[in-house]
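Source file: work-v8.cif; contents: mmCIF, C-alpha atoms and all ligand atoms.
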```cif
data_final
#
loop_
_atom_site.label_atom_id
_atom_site.label_comp_id
_atom_site.auth_asym_id
_atom_site.auth_seq_id
_atom_site.Cartn_x
_atom_site.Cartn_y
_atom_site.Cartn_z
CA MET A 18 113.16 101.48 134.08
CA LYS A 19 114.21 103.62 131.15
CA GLY A 20 113.08 102.76 127.65
CA GLN A 21 112.27 104.32 124.31
CA ILE A 22 108.92 104.40 122.51
CA ILE A 23 109.35 102.77 119.13
CA LYS A 24 105.71 102.62 118.01
CA ILE A 25 102.32 103.85 119.14
CA ILE A 26 99.00 102.34 118.15
CA SER A 27 96.14 104.32 119.68
CA ASP A 28 96.99 104.29 123.39
CA ASP A 29 99.34 101.31 123.24
CA ASN A 30 102.91 102.51 123.52
CA PHE A 31 105.56 100.01 122.45
CA VAL A 32 108.48 100.66 124.77
CA GLU A 33 111.85 99.09 124.03
CA HIS A 34 114.27 98.23 126.77
CA GLU A 35 117.32 96.06 126.08
CA ASN A 36 115.77 94.45 123.00
CA ASN A 37 112.53 93.60 124.79
CA ILE A 38 109.28 95.33 123.96
CA TYR A 39 106.69 96.23 126.59
CA ILE A 40 103.27 97.45 125.54
CA CYS A 41 102.46 100.23 128.01
CA LYS A 42 99.66 102.68 128.71
CA ALA A 43 100.51 106.23 129.73
CA ARG A 44 99.92 107.15 133.36
CA GLY A 45 96.72 109.17 133.77
CA LYS A 46 98.71 112.13 135.03
CA LEU A 47 100.49 112.47 131.70
CA ARG A 48 97.16 112.69 129.94
CA LYS A 49 95.90 115.18 132.50
CA ASP A 50 99.00 117.34 131.96
CA ASN A 51 98.34 117.09 128.24
CA ILE A 52 101.58 115.34 127.43
CA THR A 53 101.05 112.96 124.55
CA PRO A 54 103.76 110.34 124.05
CA LYS A 55 105.61 110.46 120.74
CA VAL A 56 107.65 107.81 119.00
CA GLY A 57 111.26 108.57 119.91
CA ASP A 58 110.42 109.56 123.48
CA TYR A 59 112.64 108.25 126.23
CA VAL A 60 110.44 107.24 129.13
CA ILE A 61 110.54 105.93 132.64
CA PHE A 62 108.18 102.97 132.80
CA ASN A 63 107.05 100.24 135.14
CA LYS A 64 107.62 96.91 133.47
CA GLU A 65 105.25 94.92 135.74
CA GLU A 66 102.34 97.35 135.56
CA LYS A 67 103.11 98.23 131.93
CA ILE A 68 102.71 101.91 132.70
CA ILE A 69 104.70 104.89 131.44
CA GLU A 70 105.40 107.02 134.50
CA LYS A 71 107.27 109.87 132.90
CA ILE A 72 108.40 111.20 129.56
CA LEU A 73 111.97 112.46 129.73
CA PRO A 74 112.72 115.93 128.34
CA ARG A 75 112.76 115.96 124.54
CA LYS A 76 115.75 117.23 122.61
CA ASN A 77 113.37 118.35 119.84
CA GLU A 78 110.09 117.25 118.33
CA LEU A 79 107.89 117.42 115.29
CA ASP A 80 104.11 117.35 115.13
CA ARG A 81 103.87 115.91 111.67
CA PRO A 82 105.26 113.29 111.69
CA PHE A 83 104.59 112.97 115.42
CA VAL A 84 108.13 112.16 116.59
CA SER A 85 110.82 113.33 119.00
CA ASN A 86 114.56 113.25 119.70
CA ILE A 87 115.67 113.44 116.10
CA ASP A 88 119.19 114.20 114.82
CA GLU A 89 118.37 114.53 111.15
CA ALA A 90 115.33 114.49 108.90
CA PHE A 91 115.67 112.78 105.54
CA ILE A 92 113.21 114.57 103.30
CA ILE A 93 112.33 111.76 100.93
CA THR A 94 111.58 113.47 97.64
CA SER A 95 110.62 111.67 94.46
CA LEU A 96 111.81 113.04 91.15
CA LYS A 97 108.83 111.50 89.37
CA ASN A 98 105.70 109.61 90.31
CA PRO A 99 104.78 111.65 92.36
CA ASP A 100 106.31 114.56 90.45
CA PHE A 101 109.20 116.51 91.95
CA SER A 102 107.73 119.37 94.00
CA THR A 103 109.99 122.19 95.14
CA ASN A 104 106.98 123.53 97.04
CA LEU A 105 106.72 120.49 99.27
CA LEU A 106 110.50 120.23 99.58
CA ASP A 107 110.84 123.89 100.61
CA LYS A 108 108.00 123.53 103.11
CA LEU A 109 109.69 120.58 104.77
CA ILE A 110 113.04 122.39 104.80
CA THR A 111 111.30 125.36 106.44
CA ILE A 112 109.86 123.15 109.19
CA CYS A 113 113.22 121.47 109.82
CA GLU A 114 114.95 124.84 110.06
CA ILE A 115 112.33 126.14 112.52
CA LYS A 116 112.58 122.99 114.64
CA ASN A 117 116.36 122.97 114.49
CA ILE A 118 116.61 119.57 112.84
CA LYS A 119 119.17 119.14 110.08
CA PRO A 120 117.42 118.34 106.80
CA VAL A 121 118.94 115.93 104.29
CA ILE A 122 117.40 115.84 100.83
CA CYS A 123 117.01 112.21 99.77
CA LEU A 124 115.95 111.85 96.14
CA THR A 125 114.12 108.81 94.83
CA LYS A 126 113.02 107.40 91.46
CA LYS A 127 115.78 108.92 89.37
CA ASP A 128 115.53 105.70 87.35
CA LEU A 129 112.13 106.85 86.05
CA LEU A 130 113.55 109.97 84.39
CA GLU A 131 114.73 110.39 80.83
CA LYS A 132 118.16 111.99 80.54
CA ASP A 133 116.72 115.33 79.37
CA GLU A 134 114.19 115.44 82.16
CA PHE A 135 116.91 114.83 84.70
CA LYS A 136 119.09 117.60 83.29
CA LYS A 137 116.48 120.20 84.19
CA GLN A 138 116.02 118.90 87.70
CA LYS A 139 119.75 118.52 88.22
CA SER A 140 120.32 122.27 88.13
CA VAL A 141 117.61 122.78 90.74
CA ILE A 142 119.12 120.04 92.91
CA ASN A 143 122.57 121.56 92.56
CA TYR A 144 121.18 124.81 93.92
CA TYR A 145 120.22 123.12 97.17
CA LYS A 146 123.72 121.67 97.42
CA ARG A 147 125.22 125.07 96.75
CA ILE A 148 123.32 126.72 99.58
CA GLY A 149 124.56 124.04 101.96
CA TYR A 150 122.13 121.13 102.07
CA SER A 151 123.19 117.49 101.81
CA VAL A 152 121.68 115.66 98.88
CA ILE A 153 121.69 111.87 98.50
CA TYR A 154 120.03 109.47 96.08
CA ASN A 155 118.12 106.48 97.43
CA ASN A 156 120.24 103.97 95.51
CA LYS A 157 123.36 104.93 97.49
CA ILE A 158 122.62 102.41 100.22
CA LYS A 159 126.17 102.17 101.56
CA ARG A 160 126.47 105.93 101.85
CA ILE A 161 123.08 106.27 103.49
CA LYS A 162 124.05 103.61 106.04
CA LYS A 163 127.14 105.64 106.84
CA MET A 164 125.06 108.80 107.15
CA ILE A 165 122.68 107.26 109.70
CA LYS A 166 125.41 105.69 111.82
CA ASP A 167 125.19 106.82 115.46
CA LYS A 168 122.19 109.02 114.67
CA THR A 169 118.42 108.98 114.92
CA VAL A 170 117.02 109.86 111.54
CA VAL A 171 113.40 110.36 110.54
CA PHE A 172 112.20 109.63 107.01
CA THR A 173 109.54 112.14 106.09
CA GLY A 174 107.88 113.22 102.87
CA GLN A 175 105.13 112.80 100.38
CA THR A 176 103.09 109.64 100.31
CA GLY A 177 104.44 107.28 97.67
CA ALA A 178 107.88 108.91 97.59
CA GLY A 179 109.55 105.68 98.72
CA LYS A 180 110.21 105.97 102.45
CA SER A 181 109.25 102.43 103.39
CA SER A 182 110.93 101.02 100.28
CA LEU A 183 114.17 102.65 101.38
CA MET A 184 113.81 101.20 104.89
CA ASN A 185 113.50 97.74 103.35
CA LYS A 186 116.61 98.33 101.24
CA LEU A 187 118.63 99.51 104.22
CA ASP A 188 117.81 96.35 106.15
CA LYS A 189 116.89 93.23 104.23
CA ASN A 190 115.20 91.79 107.34
CA LEU A 191 112.61 94.54 107.35
CA ASN A 192 109.42 93.99 105.50
CA PHE A 193 107.52 97.26 105.65
CA GLU A 194 104.45 97.46 103.48
CA THR A 195 104.91 99.45 100.29
CA ASN A 196 102.44 100.18 97.55
CA GLU A 197 102.53 101.13 93.94
CA ILE A 198 101.40 104.68 93.53
CA SER A 199 97.99 105.13 91.99
CA LYS A 200 98.29 105.55 88.23
CA ALA A 201 95.05 107.52 88.04
CA LEU A 202 95.88 109.98 90.80
CA GLY A 203 99.64 110.09 90.37
CA ARG A 204 100.07 109.83 94.09
CA GLY A 205 100.44 107.24 96.79
CA LYS A 206 97.75 105.68 98.89
CA HIS A 207 99.03 106.50 102.36
CA THR A 208 100.39 103.02 102.82
CA THR A 209 102.26 103.52 106.11
CA ARG A 210 99.83 104.17 108.96
CA TYR A 211 102.09 104.27 112.03
CA VAL A 212 105.43 105.77 112.90
CA THR A 213 107.93 102.99 113.57
CA LEU A 214 111.44 103.32 114.95
CA VAL A 215 113.93 100.60 114.06
CA SER A 216 117.64 100.15 114.58
CA ILE A 217 119.63 99.85 111.40
CA GLY A 218 123.28 99.07 112.01
CA LYS A 219 124.43 101.55 114.61
CA GLY A 220 121.71 104.06 113.78
CA LYS A 221 118.02 104.44 114.35
CA VAL A 222 115.53 105.25 111.62
CA LEU A 223 111.88 106.23 111.86
CA ASP A 224 109.55 105.35 109.02
CA THR A 225 106.50 107.60 109.04
CA PRO A 226 103.18 108.00 107.25
CA GLY A 227 103.49 110.25 104.21
CA PHE A 228 101.29 113.20 103.40
CA SER A 229 100.11 115.04 100.33
CA SER A 230 100.20 118.57 101.72
CA VAL A 231 101.93 120.50 104.48
CA ASP A 232 100.46 123.39 106.42
CA LEU A 233 102.69 126.25 107.55
CA SER A 234 99.91 128.51 108.85
CA LYS A 235 101.06 128.30 112.46
CA TYR A 236 104.43 129.86 111.72
CA THR A 237 105.05 133.62 111.61
CA ASP A 238 106.38 135.44 108.55
CA LYS A 239 109.60 136.18 110.42
CA GLU A 240 110.08 132.52 111.32
CA ILE A 241 109.51 131.52 107.71
CA LYS A 242 111.83 134.21 106.34
CA ASP A 243 114.72 133.04 108.49
CA THR A 244 114.45 129.50 107.14
CA PHE A 245 115.42 130.63 103.64
CA ILE A 246 119.03 130.48 104.73
CA GLU A 247 120.48 131.75 101.47
CA PHE A 248 118.53 135.05 101.68
CA ASN A 249 120.58 136.00 104.74
CA LYS A 250 123.69 136.42 102.57
CA TYR A 251 122.17 139.40 100.79
CA ASN A 252 122.30 142.39 103.03
CA CYS A 253 119.23 144.43 102.27
CA PRO A 254 119.33 148.19 103.03
CA TYR A 255 116.39 147.79 105.45
CA LYS A 256 117.41 145.69 108.40
CA ASP A 257 114.04 143.97 108.69
CA CYS A 258 113.47 143.71 104.96
CA THR A 259 110.68 141.26 104.18
CA HIS A 260 111.89 141.02 100.57
CA THR A 261 108.41 141.88 99.35
CA LYS A 262 107.23 145.48 98.99
CA GLU A 263 110.50 147.23 99.80
CA LYS A 264 111.79 149.43 96.96
CA GLU A 265 115.39 148.45 97.45
CA CYS A 266 115.90 144.77 98.21
CA ASN A 267 118.98 142.75 97.40
CA VAL A 268 117.08 139.48 97.58
CA LYS A 269 114.59 140.60 94.93
CA ASP A 270 117.50 141.90 92.85
CA HIS A 271 119.09 138.46 92.83
CA ILE A 272 116.12 136.32 91.80
CA ASN A 273 117.31 134.19 88.91
CA ASN A 274 120.76 135.58 89.49
CA GLY A 275 121.99 133.80 92.60
CA ILE A 276 118.59 132.93 94.05
CA LEU A 277 116.55 130.14 92.49
CA ASP A 278 113.25 131.63 91.32
CA SER A 279 111.17 128.78 92.79
CA ARG A 280 112.74 129.40 96.19
CA TYR A 281 111.64 133.03 96.13
CA GLU A 282 108.19 132.12 94.75
CA ASN A 283 107.73 129.55 97.49
CA TYR A 284 108.82 132.04 100.13
CA ILE A 285 106.10 134.43 98.96
CA LYS A 286 103.53 131.63 98.89
CA PHE A 287 104.48 130.54 102.38
CA ILE A 288 104.13 133.98 103.93
CA GLU A 289 100.88 134.58 102.09
CA LYS A 290 99.73 131.22 103.51
CA ARG A 291 98.78 129.97 100.11
N1 LIG B 301 111.11 103.21 90.10
C1 LIG B 301 111.23 103.40 91.39
N2 LIG B 301 110.23 103.10 92.21
C2 LIG B 301 110.39 103.32 93.54
C3 LIG B 301 111.59 103.84 94.07
N3 LIG B 301 111.45 103.96 95.41
C4 LIG B 301 110.20 103.51 95.69
N4 LIG B 301 109.55 103.13 94.57
C5 LIG B 301 108.17 102.62 94.45
O1 LIG B 301 107.27 103.65 94.85
C6 LIG B 301 106.10 103.10 95.43
C7 LIG B 301 105.80 103.76 96.77
O2 LIG B 301 106.81 103.43 97.68
P1 LIG B 301 106.59 103.36 99.27
O3 LIG B 301 107.89 102.95 99.85
O4 LIG B 301 105.38 102.58 99.61
O5 LIG B 301 106.31 104.90 99.57
P2 LIG B 301 106.14 105.62 100.99
O6 LIG B 301 106.89 106.90 100.91
O7 LIG B 301 106.51 104.70 102.08
O8 LIG B 301 104.56 105.92 101.02
P3 LIG B 301 103.61 106.17 102.33
O9 LIG B 301 103.82 105.03 103.25
O10 LIG B 301 102.22 106.23 101.79
O11 LIG B 301 104.04 107.48 102.90
C8 LIG B 301 106.36 101.59 95.53
O12 LIG B 301 105.71 100.95 94.45
C9 LIG B 301 107.87 101.47 95.39
O13 LIG B 301 108.26 100.25 94.81
C10 LIG B 301 112.66 104.15 93.16
O14 LIG B 301 113.75 104.63 93.52
N5 LIG B 301 112.42 103.90 91.83
MG MG B 302 105.46 103.99 103.70
ZN ZN B 303 115.16 142.31 100.99
#
```
Mind turning the file's structure into structure tokens?
Ligand SMILES: Nc1nc2c(ncn2[C@@H]2O[C@H](COP(=O)(O)OP(=O)(O)OP(=O)(O)O)[C@@H](O)[C@H]2O)c(=O)[nH]1
Ligand SMILES: [Mg+2]
Ligand SMILES: [Zn+2]
Amino acid sequence: MKGQIIKIISDDNFVEHENNIYICKARGKLRKDNITPKVGDYVIFNKEEKIIEKILPRKNELDRPFVSNIDEAFIITSLKNPDFSTNLLDKLITICEIKNIKPVICLTKKDLLEKDEFKKQKSVINYYKRIGYSVIYNNKIKRIKKMIKDKTVVFTGQTGAGKSSLMNKLDKNLNFETNEISKALGRGKHTTRYVTLVSIGKGKVLDTPGFSSVDLSKYTDKEIKDTFIEFNKYNCPYKDCTHTKEKECNVKDHINNGILDSRYENYIKFIEKR
């Protein structure tokens, strides 16, 4: 029978088939072949033996969060508490671009900002819109529901940013655990422990455990460079310009004048693996 993994707790795979859930182990062969099931996987399973026989080819996958078959990634980004971080946002955009998953920037906690504070952030946010990314605020529930219709969307981002809270708002029947972020540390407590896939209306959404840092060390400089999509507009004299030490570089010439300075700074940090 064909089903989809909607949750994994250690080696228990929760496989959904026609609204029923079967808790299955993975066939030994899968483990031997080093294939680890991910939430989002479509599988062939034996309902009597509660065994996953086969994992069907994945359309795409991420390692953190550990999910597969995603149409879009909502990068849940808080504007305050935890503080807005272009570094984390750019890292997550970079990973989405490398993995070929459309990123959507979903901003939370605008209500915690004073007008002046928001003004500053607004110009940064507008930059992301200008270069082509979708931006949505977490209070636009109707619009978000429309955006997830007929899609599988993963919520990813910093711990405490408000992923589970947004799940609960999208479907009043859900009751995912949420937690106030620690006042002392200014960050969340890693409330969500497991990836969970749920259907919301005609879409599917995956809530995932948040993180406090993201590691890009496994990606090459070239891979990282190509994810800064707006740099490609500037034709540098050197075809393989790295936009670093080259004497003539149109990207460097446009920092603060077309290119947001934090985007360039983050690019340099990412390739220097800082
Ligand atoms: N003021 C305000 N608080 C919010 C908003 N969204 C979420 N919160 C609060 O932020 C805290 C953290 O929210 P969670 O939903 O638990 O965060 P999370 O991203 O799921 O965190 P992890 O599961 O650890 O990754 C909770 O106290 C929420 O009530 C918002 O838009 N405004
Ligand atoms: Mg959570
Ligand atoms: Zn250049």
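Our summary of the geometry notes that CA of Leu214 (chain A) is positioned 7.2 Å from CA of Gly57 (chain A).
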How would you write, as a short mmCIF file (atom, residue, chain, number, x, y, z; two decimals) with C-alpha atoms, in the frame of the given file, the set of residues no farther than 12 Å from ligand ZN 303 (chain B) when counting all atoms listed in the file?
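So selection-v4.cif came out as:
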```cif
data_model
loop_
_atom_site.label_atom_id
_atom_site.label_comp_id
_atom_site.auth_asym_id
_atom_site.auth_seq_id
_atom_site.Cartn_x
_atom_site.Cartn_y
_atom_site.Cartn_z
CA LYS A 242 111.83 134.21 106.34
CA ASP A 243 114.72 133.04 108.49
CA PHE A 245 115.42 130.63 103.64
CA GLU A 247 120.48 131.75 101.47
CA PHE A 248 118.53 135.05 101.68
CA ASN A 249 120.58 136.00 104.74
CA LYS A 250 123.69 136.42 102.57
CA TYR A 251 122.17 139.40 100.79
CA ASN A 252 122.30 142.39 103.03
CA CYS A 253 119.23 144.43 102.27
CA PRO A 254 119.33 148.19 103.03
CA TYR A 255 116.39 147.79 105.45
CA LYS A 256 117.41 145.69 108.40
CA ASP A 257 114.04 143.97 108.69
CA CYS A 258 113.47 143.71 104.96
CA THR A 259 110.68 141.26 104.18
CA HIS A 260 111.89 141.02 100.57
CA THR A 261 108.41 141.88 99.35
CA LYS A 262 107.23 145.48 98.99
CA GLU A 263 110.50 147.23 99.80
CA LYS A 264 111.79 149.43 96.96
CA GLU A 265 115.39 148.45 97.45
CA CYS A 266 115.90 144.77 98.21
CA ASN A 267 118.98 142.75 97.40
CA VAL A 268 117.08 139.48 97.58
CA LYS A 269 114.59 140.60 94.93
CA ASP A 270 117.50 141.90 92.85
CA HIS A 271 119.09 138.46 92.83
CA ILE A 272 116.12 136.32 91.80
CA TYR A 281 111.64 133.03 96.13
#
```
Which residues of chain A have any atom within 6 Å of an atom in ligand MG 302 (chain B) when counting all atoms listed in the file, and what is the closest pair of atoms for each, with the distance in Å to one decimal? Order the rows by chain and rising number and write it as a Markdown table.
```
| residue | atom | partner | partner_atom | distance |
| --- | --- | --- | --- | --- |
| A:Lys180 | CA | B:MG302 | MG | 5.3 |
| A:Ser181 | CA | B:MG302 | MG | 4.1 |
| A:Thr195 | CA | B:MG302 | MG | 5.7 |
| A:Thr208 | CA | B:MG302 | MG | 5.2 |
| A:Thr209 | CA | B:MG302 | MG | 4.0 |
| A:Pro226 | CA | B:MG302 | MG | 5.8 |
```
Report task. For ligand LIG 301 (chain B), list the contacting residues at 10 Å or closer, counting all atoms listed in the file, as a ChimeraX atom specification. Result -> /A:93-99,124-130,154-156,172-186,193-199,204-212,224-229
Query raised in the report: Which residue, A:Val171, A:Tyr144, A:Lys42, A:Asn37, has the smallest gap to Glu78 (chain A) when you use all atoms listed in the file?
Result: A:Val171
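Across the structure, CA of Ile241 (chain A) and CA of Val152 (chain A) are spaced 21.9 Å apart.
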Query - Test item: residues at most 10 Å from Ser234 (chain A), all atoms listed in the file, excluding those fewer than 2 positions along its chain, as a ChimeraX atom specification - result: /A:231-232,236-238,287-291
Output C-alpha atoms for every residue in the selection just made, as a short mmCIF file (atom, residue, chain, number, x, y, z; two decimals), in the coordinates of the input.
```
data_model
loop_
_atom_site.label_atom_id
_atom_site.label_comp_id
_atom_site.auth_asym_id
_atom_site.auth_seq_id
_atom_site.Cartn_x
_atom_site.Cartn_y
_atom_site.Cartn_z
CA VAL A 231 101.93 120.50 104.48
CA ASP A 232 100.46 123.39 106.42
CA TYR A 236 104.43 129.86 111.72
CA THR A 237 105.05 133.62 111.61
CA ASP A 238 106.38 135.44 108.55
CA PHE A 287 104.48 130.54 102.38
CA ILE A 288 104.13 133.98 103.93
CA GLU A 289 100.88 134.58 102.09
CA LYS A 290 99.73 131.22 103.51
CA ARG A 291 98.78 129.97 100.11
#
```
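Taking only C-alpha atoms, the non-local environment of Pro74 (chain A) within 10 Å (same-chain residues fewer than 4 positions away omitted) comprises A:Asp58, A:Tyr59, A:Val60, A:Ser85, A:Asn86.
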Report summary line: Shortest contact to Ser151 (chain A), candidates A:Cys123, A:Lys166, A:Arg81, A:Val56, atoms counted all atoms listed in the file, goes to A:Cys123
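Minimum atom-to-atom distance to Ile161 (chain A), evaluated using all atoms listed in the file, belongs to A:Ile217 out of A:Gly149, A:Ile217, A:Lys132, A:Lys116.
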